[in-house]
>>> print(open('structure.pdb').read())   # PDB, C-alpha atoms
MODEL        1
ATOM      1  CA  MET A   1      95.339 135.666 114.875
ATOM      2  CA  THR A   2      94.642 136.693 111.294
ATOM      3  CA  LYS A   3      97.375 138.748 109.642
ATOM      4  CA  ALA A   4      96.885 141.804 107.461
ATOM      5  CA  PHE A   5      97.688 140.344 104.057
ATOM      6  CA  VAL A   6      96.185 138.502 101.118
ATOM      7  CA  SER A   7      98.368 135.861  99.495
ATOM      8  CA  GLY A   8      98.499 134.019  96.212
ATOM      9  CA  CYS A   9      99.357 130.364  95.725
ATOM     10  CA  SER A  10     101.446 128.621  93.118
ATOM     11  CA  GLY A  11      99.092 126.275  91.290
ATOM     12  CA  PRO A  12      95.670 124.612  91.036
ATOM     13  CA  THR A  13      96.046 122.799  94.377
ATOM     14  CA  LEU A  14      97.730 123.864  97.594
ATOM     15  CA  THR A  15     101.123 122.302  98.240
ATOM     16  CA  HIS A  16     102.033 120.901 101.668
ATOM     17  CA  ASP A  17     104.252 123.950 102.220
ATOM     18  CA  GLU A  18     101.412 126.303 101.331
ATOM     19  CA  ILE A  19      98.966 124.551 103.650
ATOM     20  CA  SER A  20     101.490 124.791 106.491
ATOM     21  CA  PHE A  21     102.188 128.439 105.686
ATOM     22  CA  PHE A  22      98.505 129.385 105.607
ATOM     23  CA  ARG A  23      97.844 127.459 108.829
ATOM     24  CA  GLU A  24     100.731 129.163 110.625
ATOM     25  CA  GLU A  25     100.487 132.697 109.222
ATOM     26  CA  ASP A  26      96.690 132.939 108.736
ATOM     27  CA  PRO A  27      96.452 135.534 105.947
ATOM     28  CA  TRP A  28      93.142 137.401 105.754
ATOM     29  CA  GLY A  29      92.490 136.023 102.279
ATOM     30  CA  LEU A  30      93.666 134.224  99.158
ATOM     31  CA  ILE A  31      93.726 135.628  95.615
ATOM     32  CA  LEU A  32      93.490 133.441  92.521
ATOM     33  CA  PHE A  33      95.006 133.860  89.052
ATOM     34  CA  ALA A  34      94.914 131.915  85.791
ATOM     35  CA  ARG A  35      97.616 129.535  87.061
ATOM     36  CA  ASN A  36      95.195 128.462  89.802
ATOM     37  CA  ILE A  37      92.213 127.821  87.512
ATOM     38  CA  GLU A  38      91.275 124.600  85.710
ATOM     39  CA  THR A  39      87.688 123.459  86.260
ATOM     40  CA  ARG A  40      84.744 124.325  88.491
ATOM     41  CA  ASP A  41      85.296 121.326  90.759
ATOM     42  CA  GLN A  42      89.011 122.089  91.033
ATOM     43  CA  VAL A  43      88.467 125.757  91.960
ATOM     44  CA  ARG A  44      85.781 124.781  94.473
ATOM     45  CA  ALA A  45      88.213 122.323  96.073
ATOM     46  CA  LEU A  46      90.989 124.957  96.129
ATOM     47  CA  THR A  47      88.860 127.586  97.863
ATOM     48  CA  SER A  48      87.697 124.990 100.395
ATOM     49  CA  SER A  49      91.220 123.805 101.119
ATOM     50  CA  PHE A  50      92.375 127.366 101.809
ATOM     51  CA  ARG A  51      89.524 127.956 104.257
ATOM     52  CA  GLU A  52      90.271 124.644 105.928
ATOM     53  CA  ALA A  53      93.937 125.594 106.294
ATOM     54  CA  VAL A  54      93.213 128.938 107.977
ATOM     55  CA  GLY A  55      90.276 127.569 109.975
ATOM     56  CA  ARG A  56      87.786 130.252 108.887
ATOM     57  CA  SER A  57      84.781 129.274 106.812
ATOM     58  CA  ASP A  58      84.291 132.918 105.772
ATOM     59  CA  ALA A  59      87.934 133.584 104.850
ATOM     60  CA  PRO A  60      87.856 135.764 101.716
ATOM     61  CA  VAL A  61      88.887 134.356  98.357
ATOM     62  CA  LEU A  62      89.530 137.074  95.771
ATOM     63  CA  ILE A  63      89.924 137.219  92.011
ATOM     64  CA  ASP A  64      90.203 139.794  89.207
ATOM     65  CA  GLN A  65      87.257 138.989  86.970
ATOM     66  CA  GLU A  66      86.367 142.198  85.138
ATOM     67  CA  GLY A  67      85.786 140.926  81.611
ATOM     68  CA  GLY A  68      87.860 141.680  78.547
ATOM     69  CA  ARG A  69      91.592 141.250  79.075
ATOM     70  CA  VAL A  70      91.225 140.827  82.831
ATOM     71  CA  GLN A  71      89.417 137.537  83.208
ATOM     72  CA  ARG A  72      90.894 134.618  85.163
ATOM     73  CA  LEU A  73      87.948 132.229  84.728
ATOM     74  CA  LYS A  74      87.852 131.572  80.993
ATOM     75  CA  PRO A  75      86.188 129.410  78.345
ATOM     76  CA  PRO A  76      85.492 126.579  77.906
ATOM     77  CA  HIS A  77      84.444 126.233  81.543
ATOM     78  CA  TRP A  78      83.235 129.815  81.999
ATOM     79  CA  PRO A  79      81.670 132.432  79.714
ATOM     80  CA  ARG A  80      83.656 135.248  78.187
ATOM     81  CA  TYR A  81      82.649 138.784  79.209
ATOM     82  CA  PRO A  82      83.219 142.103  77.455
ATOM     83  CA  ALA A  83      85.653 144.740  78.665
ATOM     84  CA  PRO A  84      83.938 147.444  80.772
ATOM     85  CA  LYS A  85      84.336 149.990  77.952
ATOM     86  CA  LEU A  86      81.425 148.283  76.195
ATOM     87  CA  TYR A  87      79.073 149.452  78.951
ATOM     88  CA  GLY A  88      80.387 152.993  78.623
ATOM     89  CA  ASP A  89      79.929 152.997  74.849
ATOM     90  CA  LEU A  90      76.385 151.695  75.276
ATOM     91  CA  PHE A  91      75.675 154.316  77.958
ATOM     92  CA  GLU A  92      76.496 157.084  75.477
ATOM     93  CA  GLU A  93      73.761 155.771  73.178
ATOM     94  CA  ASP A  94      71.244 154.724  75.831
ATOM     95  CA  ALA A  95      72.001 155.493  79.481
ATOM     96  CA  GLU A  96      69.386 153.126  80.866
ATOM     97  CA  ALA A  97      70.635 150.242  78.728
ATOM     98  CA  GLY A  98      74.239 150.965  79.722
ATOM     99  CA  VAL A  99      73.448 150.888  83.437
ATOM    100  CA  ARG A 100      71.325 147.773  83.138
ATOM    101  CA  SER A 101      73.981 145.935  81.115
ATOM    102  CA  ALA A 102      76.673 146.823  83.680
ATOM    103  CA  TRP A 103      74.447 145.479  86.466
ATOM    104  CA  LEU A 104      73.806 142.279  84.519
ATOM    105  CA  GLY A 105      77.517 141.890  83.779
ATOM    106  CA  GLY A 106      78.351 142.169  87.474
ATOM    107  CA  ARG A 107      75.515 139.840  88.453
ATOM    108  CA  LEU A 108      76.431 137.151  85.917
ATOM    109  CA  ILE A 109      80.115 137.252  86.843
ATOM    110  CA  ALA A 110      79.129 136.925  90.503
ATOM    111  CA  ALA A 111      77.081 133.827  89.707
ATOM    112  CA  ASP A 112      80.184 132.213  88.202
ATOM    113  CA  LEU A 113      82.295 133.122  91.227
ATOM    114  CA  HIS A 114      79.816 132.262  93.942
ATOM    115  CA  GLU A 115      79.377 128.673  92.815
ATOM    116  CA  VAL A 116      83.115 127.970  93.209
ATOM    117  CA  GLY A 117      83.579 129.698  96.558
ATOM    118  CA  ILE A 118      85.068 133.023  95.412
ATOM    119  CA  THR A 119      83.625 135.795  97.570
ATOM    120  CA  ILE A 120      85.410 139.013  96.477
ATOM    121  CA  ASP A 121      85.843 140.315  92.932
ATOM    122  CA  CYS A 122      88.310 143.150  92.322
ATOM    123  CA  LEU A 123      85.891 145.238  90.285
ATOM    124  CA  PRO A 124      84.735 147.849  89.351
ATOM    125  CA  CYS A 125      87.655 149.746  87.885
ATOM    126  CA  LEU A 126      86.716 153.397  88.506
ATOM    127  CA  ASP A 127      89.684 154.880  86.664
ATOM    128  CA  ILE A 128      88.947 157.615  84.128
ATOM    129  CA  ARG A 129      90.083 157.015  80.555
ATOM    130  CA  PHE A 130      92.227 159.799  79.098
ATOM    131  CA  PRO A 131      93.789 160.064  75.624
ATOM    132  CA  GLU A 132      97.146 159.197  77.215
ATOM    133  CA  THR A 133      95.871 156.303  79.381
ATOM    134  CA  VAL A 134      98.259 153.362  79.293
ATOM    135  CA  ASP A 135      96.967 150.146  77.706
ATOM    136  CA  ALA A 136      97.280 148.391  81.079
ATOM    137  CA  ILE A 137      94.073 150.282  81.935
ATOM    138  CA  GLY A 138      92.689 151.128  78.467
ATOM    139  CA  ASP A 139      89.337 149.445  77.858
ATOM    140  CA  ARG A 140      89.141 148.409  81.515
ATOM    141  CA  ALA A 141      87.908 151.980  82.101
ATOM    142  CA  PHE A 142      84.192 152.500  81.519
ATOM    143  CA  SER A 143      84.497 156.014  80.140
ATOM    144  CA  SER A 144      86.304 159.333  80.025
ATOM    145  CA  ASP A 145      83.399 160.971  81.868
ATOM    146  CA  PRO A 146      83.534 160.762  85.696
ATOM    147  CA  GLU A 147      79.760 160.743  86.138
ATOM    148  CA  THR A 148      79.369 157.894  83.650
ATOM    149  CA  VAL A 149      82.125 155.924  85.393
ATOM    150  CA  ALA A 150      80.402 156.421  88.751
ATOM    151  CA  LYS A 151      76.990 155.300  87.480
ATOM    152  CA  LEU A 152      78.316 152.227  85.693
ATOM    153  CA  GLY A 153      80.667 151.367  88.543
ATOM    154  CA  LYS A 154      77.786 151.477  91.006
ATOM    155  CA  ALA A 155      75.662 149.292  88.738
ATOM    156  CA  MET A 156      78.392 146.678  88.389
ATOM    157  CA  ALA A 157      79.156 146.728  92.114
ATOM    158  CA  ASP A 158      75.447 146.323  92.905
ATOM    159  CA  GLY A 159      75.243 143.414  90.492
ATOM    160  CA  ALA A 160      78.159 141.681  92.198
ATOM    161  CA  LEU A 161      76.624 142.223  95.643
ATOM    162  CA  GLY A 162      73.328 140.812  94.406
ATOM    163  CA  GLY A 163      75.159 137.665  93.364
ATOM    164  CA  GLY A 164      76.844 137.034  96.700
ATOM    165  CA  VAL A 165      80.206 138.610  95.833
ATOM    166  CA  LEU A 166      81.785 141.695  97.421
ATOM    167  CA  PRO A 167      83.147 144.327  94.985
ATOM    168  CA  VAL A 168      86.413 146.285  95.294
ATOM    169  CA  ILE A 169      86.657 149.836  93.921
ATOM    170  CA  LYS A 170      90.006 150.446  92.247
ATOM    171  CA  HIS A 171      92.532 151.984  91.779
ATOM    172  CA  ILE A 172      92.111 154.695  94.415
ATOM    173  CA  PRO A 173      92.609 157.641  93.938
ATOM    174  CA  GLY A 174      92.795 157.103  90.140
ATOM    175  CA  HIS A 175      95.034 155.251  87.678
ATOM    176  CA  GLY A 176      93.725 156.727  84.431
ATOM    177  CA  ARG A 177      96.422 159.365  83.918
ATOM    178  CA  ALA A 178      99.250 156.819  84.130
ATOM    179  CA  GLN A 179     101.256 156.622  80.907
ATOM    180  CA  VAL A 180     103.376 153.604  81.844
ATOM    181  CA  ASP A 181     102.388 150.161  83.108
ATOM    182  CA  SER A 182     102.779 149.875  86.902
ATOM    183  CA  HIS A 183     103.394 146.151  86.464
ATOM    184  CA  LEU A 184     106.701 147.175  84.877
ATOM    185  CA  GLU A 185     107.644 150.580  86.308
ATOM    186  CA  LEU A 186     106.380 153.314  88.622
ATOM    187  CA  PRO A 187     104.089 155.801  86.855
ATOM    188  CA  ARG A 188     104.243 159.491  87.738
ATOM    189  CA  VAL A 189     101.255 161.795  87.351
ATOM    190  CA  ASP A 190     102.037 165.517  87.271
ATOM    191  CA  ALA A 191      98.469 166.824  87.085
ATOM    192  CA  ALA A 192      97.512 169.555  89.556
ATOM    193  CA  TYR A 193      95.600 168.532  92.650
ATOM    194  CA  SER A 194      92.639 170.598  91.484
ATOM    195  CA  SER A 195      92.465 168.564  88.262
ATOM    196  CA  LEU A 196      92.656 165.265  90.129
ATOM    197  CA  GLU A 197      89.953 166.401  92.536
ATOM    198  CA  SER A 198      87.584 167.598  89.822
ATOM    199  CA  VAL A 199      87.954 164.517  87.596
ATOM    200  CA  ASP A 200      89.837 161.480  88.905
ATOM    201  CA  PHE A 201      88.525 161.450  92.480
ATOM    202  CA  ARG A 202      84.862 161.900  91.561
ATOM    203  CA  PRO A 203      83.855 158.259  90.899
ATOM    204  CA  PHE A 204      85.598 157.170  94.095
ATOM    205  CA  LYS A 205      83.768 159.837  96.090
ATOM    206  CA  ALA A 206      80.478 158.695  94.585
ATOM    207  CA  LEU A 207      81.170 155.086  95.622
ATOM    208  CA  SER A 208      83.030 155.820  98.860
ATOM    209  CA  ASN A 209      80.474 153.757 100.787
ATOM    210  CA  VAL A 210      81.661 150.534  99.089
ATOM    211  CA  SER A 211      83.379 148.501 101.791
ATOM    212  CA  LEU A 212      86.510 147.400  99.885
ATOM    213  CA  GLY A 213      89.036 149.397  97.860
ATOM    214  CA  MET A 214      92.433 148.985  96.205
ATOM    215  CA  THR A 215      95.212 151.555  95.902
ATOM    216  CA  ALA A 216      97.238 152.631  92.876
ATOM    217  CA  HIS A 217     101.034 152.281  92.571
ATOM    218  CA  ILE A 218     101.424 155.821  91.206
ATOM    219  CA  VAL A 219     103.330 158.915  92.283
ATOM    220  CA  TYR A 220     100.946 161.889  92.349
ATOM    221  CA  ALA A 221     103.477 164.700  92.198
ATOM    222  CA  ASP A 222     101.156 167.399  93.555
ATOM    223  CA  ILE A 223     100.285 165.266  96.604
ATOM    224  CA  ASP A 224     103.511 163.405  97.417
ATOM    225  CA  ALA A 225     106.267 163.785  94.862
ATOM    226  CA  GLU A 226     108.529 161.179  96.466
ATOM    227  CA  THR A 227     106.325 158.166  97.210
ATOM    228  CA  ALA A 228     103.929 155.839  95.382
ATOM    229  CA  GLY A 229     100.337 156.333  96.497
ATOM    230  CA  THR A 230     100.191 152.835  97.978
ATOM    231  CA  GLN A 231     103.001 153.759 100.380
ATOM    232  CA  SER A 232     102.150 157.425 100.936
ATOM    233  CA  SER A 233     100.404 158.518 104.116
ATOM    234  CA  LYS A 234      99.560 161.805 102.377
ATOM    235  CA  VAL A 235      97.697 159.950  99.630
ATOM    236  CA  ILE A 236      96.029 157.456 101.963
ATOM    237  CA  GLN A 237      95.219 159.656 104.954
ATOM    238  CA  ASP A 238      94.678 163.057 103.330
ATOM    239  CA  VAL A 239      93.140 162.000 100.014
ATOM    240  CA  ILE A 240      91.635 158.504 100.245
ATOM    241  CA  ARG A 241      90.427 158.705 103.846
ATOM    242  CA  GLY A 242      90.023 162.487 103.903
ATOM    243  CA  GLU A 243      89.071 164.101 100.600
ATOM    244  CA  ILE A 244      87.426 161.021  99.070
ATOM    245  CA  GLY A 245      85.935 159.894 102.382
ATOM    246  CA  PHE A 246      86.591 156.177 101.937
ATOM    247  CA  ASP A 247      86.419 154.340 105.280
ATOM    248  CA  GLY A 248      86.320 150.813 103.910
ATOM    249  CA  CYS A 249      88.958 148.093 103.969
ATOM    250  CA  LEU A 250      91.837 149.440 101.889
ATOM    251  CA  MET A 251      94.177 146.937 100.277
ATOM    252  CA  SER A 252      97.284 147.656  98.282
ATOM    253  CA  ASP A 253      97.577 146.756  94.646
ATOM    254  CA  ASP A 254      99.849 143.745  94.116
ATOM    255  CA  ILE A 255     103.207 144.442  95.769
ATOM    256  CA  SER A 256     105.046 142.043  93.472
ATOM    257  CA  MET A 257     104.554 144.544  90.634
ATOM    258  CA  LYS A 258     107.753 146.288  89.572
ATOM    259  CA  ALA A 259     106.424 149.770  90.345
ATOM    260  CA  LEU A 260     107.538 149.323  93.951
ATOM    261  CA  GLY A 261     111.202 149.024  94.869
ATOM    262  CA  GLY A 262     112.990 147.551  97.863
ATOM    263  CA  SER A 263     112.727 144.175  99.543
ATOM    264  CA  PHE A 264     109.341 142.657 100.202
ATOM    265  CA  GLU A 265     109.785 143.367 103.889
ATOM    266  CA  GLU A 266     110.427 147.028 103.062
ATOM    267  CA  ARG A 267     107.522 147.231 100.626
ATOM    268  CA  SER A 268     105.113 145.684 103.124
ATOM    269  CA  GLY A 269     106.287 147.783 106.046
ATOM    270  CA  LYS A 270     105.852 151.040 104.139
ATOM    271  CA  ILE A 271     102.363 150.049 102.982
ATOM    272  CA  VAL A 272     101.189 149.254 106.505
ATOM    273  CA  GLU A 273     102.839 152.361 107.938
ATOM    274  CA  ALA A 274     101.119 154.547 105.333
ATOM    275  CA  GLY A 275      97.705 153.298 106.424
ATOM    276  CA  CYS A 276      96.699 150.403 104.170
ATOM    277  CA  ASP A 277      94.699 147.761 106.007
ATOM    278  CA  ILE A 278      95.738 144.799 103.829
ATOM    279  CA  VAL A 279      98.925 144.054 101.880
ATOM    280  CA  LEU A 280      98.186 142.206  98.635
ATOM    281  CA  HIS A 281     100.852 139.780  97.364
ATOM    282  CA  CYS A 282      99.817 137.795  94.321
ATOM    283  CA  ASN A 283     102.508 135.763  92.568
ATOM    284  CA  GLY A 284     102.607 132.695  94.836
ATOM    285  CA  ASP A 285     106.372 132.860  95.430
ATOM    286  CA  MET A 286     106.859 131.268  98.864
ATOM    287  CA  THR A 287     110.040 133.191  99.700
ATOM    288  CA  GLU A 288     108.261 136.481  99.068
ATOM    289  CA  MET A 289     105.139 135.298 100.887
ATOM    290  CA  ARG A 290     107.194 134.552 103.987
ATOM    291  CA  ALA A 291     108.848 137.965 103.796
ATOM    292  CA  VAL A 292     105.438 139.658 103.713
ATOM    293  CA  ALA A 293     104.109 137.535 106.569
ATOM    294  CA  ASN A 294     107.150 138.388 108.697
ATOM    295  CA  VAL A 295     106.362 142.104 108.544
ATOM    296  CA  VAL A 296     102.604 142.608 108.424
ATOM    297  CA  PRO A 297     100.794 142.884 111.749
ATOM    298  CA  GLU A 298      97.860 140.945 113.068
ATOM    299  CA  LEU A 299      94.592 142.614 112.123
ATOM    300  CA  ALA A 300      93.497 144.882 114.958
ATOM    301  CA  GLY A 301      91.895 148.250 115.667
ATOM    302  CA  ASP A 302      90.448 150.206 112.749
ATOM    303  CA  ALA A 303      91.883 147.786 110.176
ATOM    304  CA  LEU A 304      90.091 144.858 111.809
ATOM    305  CA  ARG A 305      86.895 146.895 112.110
ATOM    306  CA  ARG A 306      86.963 147.790 108.426
ATOM    307  CA  CYS A 307      87.729 144.221 107.325
ATOM    308  CA  ASP A 308      84.984 142.778 109.525
ATOM    309  CA  ARG A 309      82.502 145.365 108.292
ATOM    310  CA  ALA A 310      83.311 144.490 104.688
ATOM    311  CA  LEU A 311      82.664 140.795 105.278
ATOM    312  CA  SER A 312      79.449 141.589 107.167
ATOM    313  CA  GLU A 313      78.010 143.019 103.933
ATOM    314  CA  TYR A 314      77.974 139.600 102.302
ATOM    315  CA  ARG A 315      74.493 138.438 101.365
ATOM    316  CA  PRO A 316      73.571 135.132  99.709
ATOM    317  CA  PRO A 317      72.374 135.493  96.106
ATOM    318  CA  ASP A 318      68.706 135.620  95.232
ATOM    319  CA  PRO A 319      67.631 131.991  94.643
ATOM    320  CA  ASP A 320      65.081 133.123  92.041
ATOM    321  CA  PHE A 321      67.742 134.607  89.750
ATOM    322  CA  SER A 322      67.712 132.958  86.319
ATOM    323  CA  ARG A 323      71.116 132.920  84.676
ATOM    324  CA  GLN A 324      69.551 131.900  81.374
ATOM    325  CA  ASP A 325      67.134 134.838  81.389
ATOM    326  CA  ALA A 326      69.880 137.246  82.470
ATOM    327  CA  TRP A 327      72.149 136.129  79.636
ATOM    328  CA  ALA A 328      69.326 136.550  77.136
ATOM    329  CA  GLU A 329      68.711 140.103  78.342
ATOM    330  CA  PHE A 330      72.442 140.864  78.442
ATOM    331  CA  ARG A 331      72.923 139.751  74.835
ATOM    332  CA  SER A 332      69.859 141.669  73.722
ATOM    333  CA  LEU A 333      71.090 144.904  75.317
ATOM    334  CA  THR A 334      74.754 144.670  74.348
ATOM    335  CA  GLY A 335      74.891 142.543  71.217
ATOM    336  CA  TRP A 336      77.571 140.527  73.029
ATOM    337  CA  GLN A 337      78.012 137.003  71.658
ATOM    338  CA  GLY A 338      81.146 136.030  73.536
ATOM    339  CA  ALA A 339      79.496 133.681  76.005
TER
ENDMDL
END
>>> encode(input="structure.pdb", output="structure tokens")
Amino acid sequence: MTKAFVSGCSGPTLTHDEISFFREEDPWGLILFARNIETRDQVRALTSSFREAVGRSDAPVLIDQEGGRVQRLKPPHWPRYPAPKLYGDLFEEDAEAGVRSAWLGGRLIAADLHEVGITIDCLPCLDIRFPETVDAIGDRAFSSDPETVAKLGKAMADGALGGGVLPVIKHIPGHGRAQVDSHLELPRVDAAYSSLESVDFRPFKALSNVSLGMTAHIVYADIDAETAGTQSSKVIQDVIRGEIGFDGCLMSDDISMKALGGSFEERSGKIVEAGCDIVLHCNGDMTEMRAVANVVPELAGDALRRCDRALSEYRPPDPDFSRQDAWAEFRSLTGWQGA
């Protein structure tokens, strides 16, 4: 039975230990990082070997391919994409051009992913940019305006879906107010609930029908002053499921980030207990992977329903799509010459 976690792997090919681990533990999906990426043929072989190991031809393979600083598939084998802030800046000048460019960005990225067997992209980032926003988010945020973020996020998500890739809204319920990097330490946000509701939550509410989402490793003091959102039932049940109305598959942000303390068994157990459907572990460390697998349950009940529903939204890309024409339009709208 498939277990409620997504795992990384250590390199560009699966080791014998990794194949055995995936066959025995059957994680829901695999996530790839730069250490796993060399060429198109190599990535295609890696995604196939993972699916062969778990025995599921539709097993999800995930990646963070946003553009800008967060891009795992890179030149010379793949095009370079702008950071999402470019779409927000363009939107301020010409809303229609901003939305269209965000859709094209999502669609073109999806074309790159689809041809190598990657089926889920962890975008769009729906975090609001504030003056104090930590650089770890920075230009990954479309805008400081919630309505703009929602419109551009929807466009990029729709572009990904059109290209045969499922999007993930992140970081629910909002990472923009963080002033420290959650890769290194646990951020604390002291804003009043009313402020979070009127600003930070709004893009997530607008896109709450998207079938996949990712939490934030942040303490929201006015919701749960003691616990990171990823491990807080108040944040997940009351805010994400309740106030925001998100009923999709909810995965944690990477639990190997330093924002979370305790052993990997403790981290995983708290995440599942709080109500996350999927525990995300990214760094490919086998000892940690085994610790996660020892704790997470088999997918069942509402978690299984939400995961299955997410995968059921996959649609093959339009065969008439012209990547060449799309790139020409994208460059014309944005002035981007990074490809």
>>> resolve_selection(input="structure.pdb", expression="the PyMOL selection byres ((chain A and resi 197) around 12)", output="PyMOL selection string")
chain A and resi 146+173-174+191-196+198-205+220+222-223+239-240+243-244
>>> residues_near_point(input="structure.pdb", point="(107.7, 143.6, 91.7)", cutoff="10 Å", atoms="only C-alpha atoms", output="PyMOL selection string")
chain A and resi 182-185+254-264+267+281+283
>>> write_last_selection(input="structure.pdb", atoms="C-alpha atoms", output="mmCIF file, in the frame of the given file")
data_model
loop_
_atom_site.group_PDB
_atom_site.id
_atom_site.type_symbol
_atom_site.label_atom_id
_atom_site.label_comp_id
_atom_site.auth_asym_id
_atom_site.auth_seq_id
_atom_site.Cartn_x
_atom_site.Cartn_y
_atom_site.Cartn_z
ATOM 1 C CA SER A 182 102.779 149.875 86.902
ATOM 2 C CA HIS A 183 103.394 146.151 86.464
ATOM 3 C CA LEU A 184 106.701 147.175 84.877
ATOM 4 C CA GLU A 185 107.644 150.580 86.308
ATOM 5 C CA ASP A 254 99.849 143.745 94.116
ATOM 6 C CA ILE A 255 103.207 144.442 95.769
ATOM 7 C CA SER A 256 105.046 142.043 93.472
ATOM 8 C CA MET A 257 104.554 144.544 90.634
ATOM 9 C CA LYS A 258 107.753 146.288 89.572
ATOM 10 C CA ALA A 259 106.424 149.770 90.345
ATOM 11 C CA LEU A 260 107.538 149.323 93.951
ATOM 12 C CA GLY A 261 111.202 149.024 94.869
ATOM 13 C CA GLY A 262 112.990 147.551 97.863
ATOM 14 C CA SER A 263 112.727 144.175 99.543
ATOM 15 C CA PHE A 264 109.341 142.657 100.202
ATOM 16 C CA ARG A 267 107.522 147.231 100.626
ATOM 17 C CA HIS A 281 100.852 139.780 97.364
ATOM 18 C CA ASN A 283 102.508 135.763 92.568
#
>>> residues_around(input="structure.pdb", residues="segment 70-81 of chain A", least_positions_apart="5", cutoff="9 Å", atoms="only C-alpha atoms", output="list in words")
Leu32, Phe33, Ala34, Arg35, Asn36, Ile37, Glu38, Thr39, Arg40, Ile63, Asp64, Gln65, Gly105, Ile109, Asp112, Leu113, Arg140, Trp336, Gln337, Gly338 and Ala339 of chain A
>>> closest_atom_pairs(input="structure.pdb", of="segment 15-99 of chain A", to="segment 294-310 of chain A", cutoff="10 Å", atoms="only C-alpha atoms", output="Markdown table")
| residue | atom | partner | partner_atom | distance |
| --- | --- | --- | --- | --- |
| A:Glu25 | CA | A:Asn294 | CA | 8.8 |
| A:Asp26 | CA | A:Glu298 | CA | 9.2 |
| A:Pro27 | CA | A:Glu298 | CA | 9.1 |
| A:Trp28 | CA | A:Leu299 | CA | 8.4 |
>>> closest_residue(input="structure.pdb", among="A:Pro187, A:Gly106, A:Gly229, A:Pro131", to="Ala157 of chain A", atoms="only C-alpha atoms")
A:Gly106
>>> residues_around(input="structure.pdb", residues="Met156 of chain A", least_positions_apart="2", cutoff="12 Å", atoms="only C-alpha atoms", output="PyMOL selection string")
chain A and resi 65-67+84+87-88+98-110+121-126+142+149-154+158-163+165-169+207+210
>>> closest_residue(input="structure.pdb", among="A:Ser233, A:Gly245, A:Pro12, A:Glu132", to="Ser208 of chain A", atoms="only C-alpha atoms")
A:Gly245
>>> residues_around(input="structure.pdb", residues="Val189 of chain A", least_positions_apart="3", cutoff="8 Å", atoms="all atoms listed in the file", output="list in words")
Arg177, Ala178, Ile218, Val219, Tyr220 and Ala221 of chain A
>>> atom_distance(input="structure.pdb", atom1="atom CA of Val61 of chain A", atom2="atom CA of Gly117 of chain A")
7.3 Å
>>> closest_residue(input="structure.pdb", among="A:Ala4, A:Ile118, A:Ala328, A:Ile137", to="Phe50 of chain A", atoms="only C-alpha atoms")
A:Ile118
>>> closest_residue(input="structure.pdb", among="A:Val6, A:Met251, A:Ala95, A:Cys282", to="Leu30 of chain A", atoms="all atoms listed in the file")
A:Val6
>>> build_atoms(input="structure.pdb", residues="segment 227-239 of chain A", atoms="N, CA and C atoms", output="tab-separated table (two decimals), in the frame of the given file")
chain	number	residue	atom	x	y	z
A	227	THR	N	106.76	159.50	96.78
A	227	THR	CA	106.32	158.17	97.21
A	227	THR	C	105.11	157.70	96.42
A	228	ALA	N	105.10	156.42	96.03
A	228	ALA	CA	103.93	155.84	95.38
A	228	ALA	C	102.72	155.93	96.30
A	229	GLY	N	101.55	156.15	95.71
A	229	GLY	CA	100.34	156.33	96.50
A	229	GLY	C	100.10	155.22	97.50
A	230	THR	N	100.37	154.00	97.11
A	230	THR	CA	100.19	152.84	97.98
A	230	THR	C	100.99	152.95	99.27
A	231	GLN	N	102.11	153.65	99.22
A	231	GLN	CA	103.00	153.76	100.38
A	231	GLN	C	103.05	155.17	100.95
A	232	SER	N	102.13	156.02	100.54
A	232	SER	CA	102.15	157.43	100.94
A	232	SER	C	101.04	157.73	101.94
A	233	SER	N	101.42	158.14	103.13
A	233	SER	CA	100.40	158.52	104.12
A	233	SER	C	99.64	159.76	103.67
A	234	LYS	N	100.27	160.63	102.89
A	234	LYS	CA	99.56	161.80	102.38
A	234	LYS	C	98.43	161.38	101.44
A	235	VAL	N	98.73	160.43	100.55
A	235	VAL	CA	97.70	159.95	99.63
A	235	VAL	C	96.62	159.19	100.39
A	236	ILE	N	97.02	158.30	101.28
A	236	ILE	CA	96.03	157.46	101.96
A	236	ILE	C	95.23	158.24	103.00
A	237	GLN	N	95.93	158.98	103.87
A	237	GLN	CA	95.22	159.66	104.95
A	237	GLN	C	94.52	160.93	104.48
A	238	ASP	N	95.24	161.75	103.72
A	238	ASP	CA	94.68	163.06	103.33
A	238	ASP	C	93.68	162.94	102.18
A	239	VAL	N	93.98	162.08	101.21
A	239	VAL	CA	93.14	162.00	100.01
A	239	VAL	C	92.11	160.88	100.11
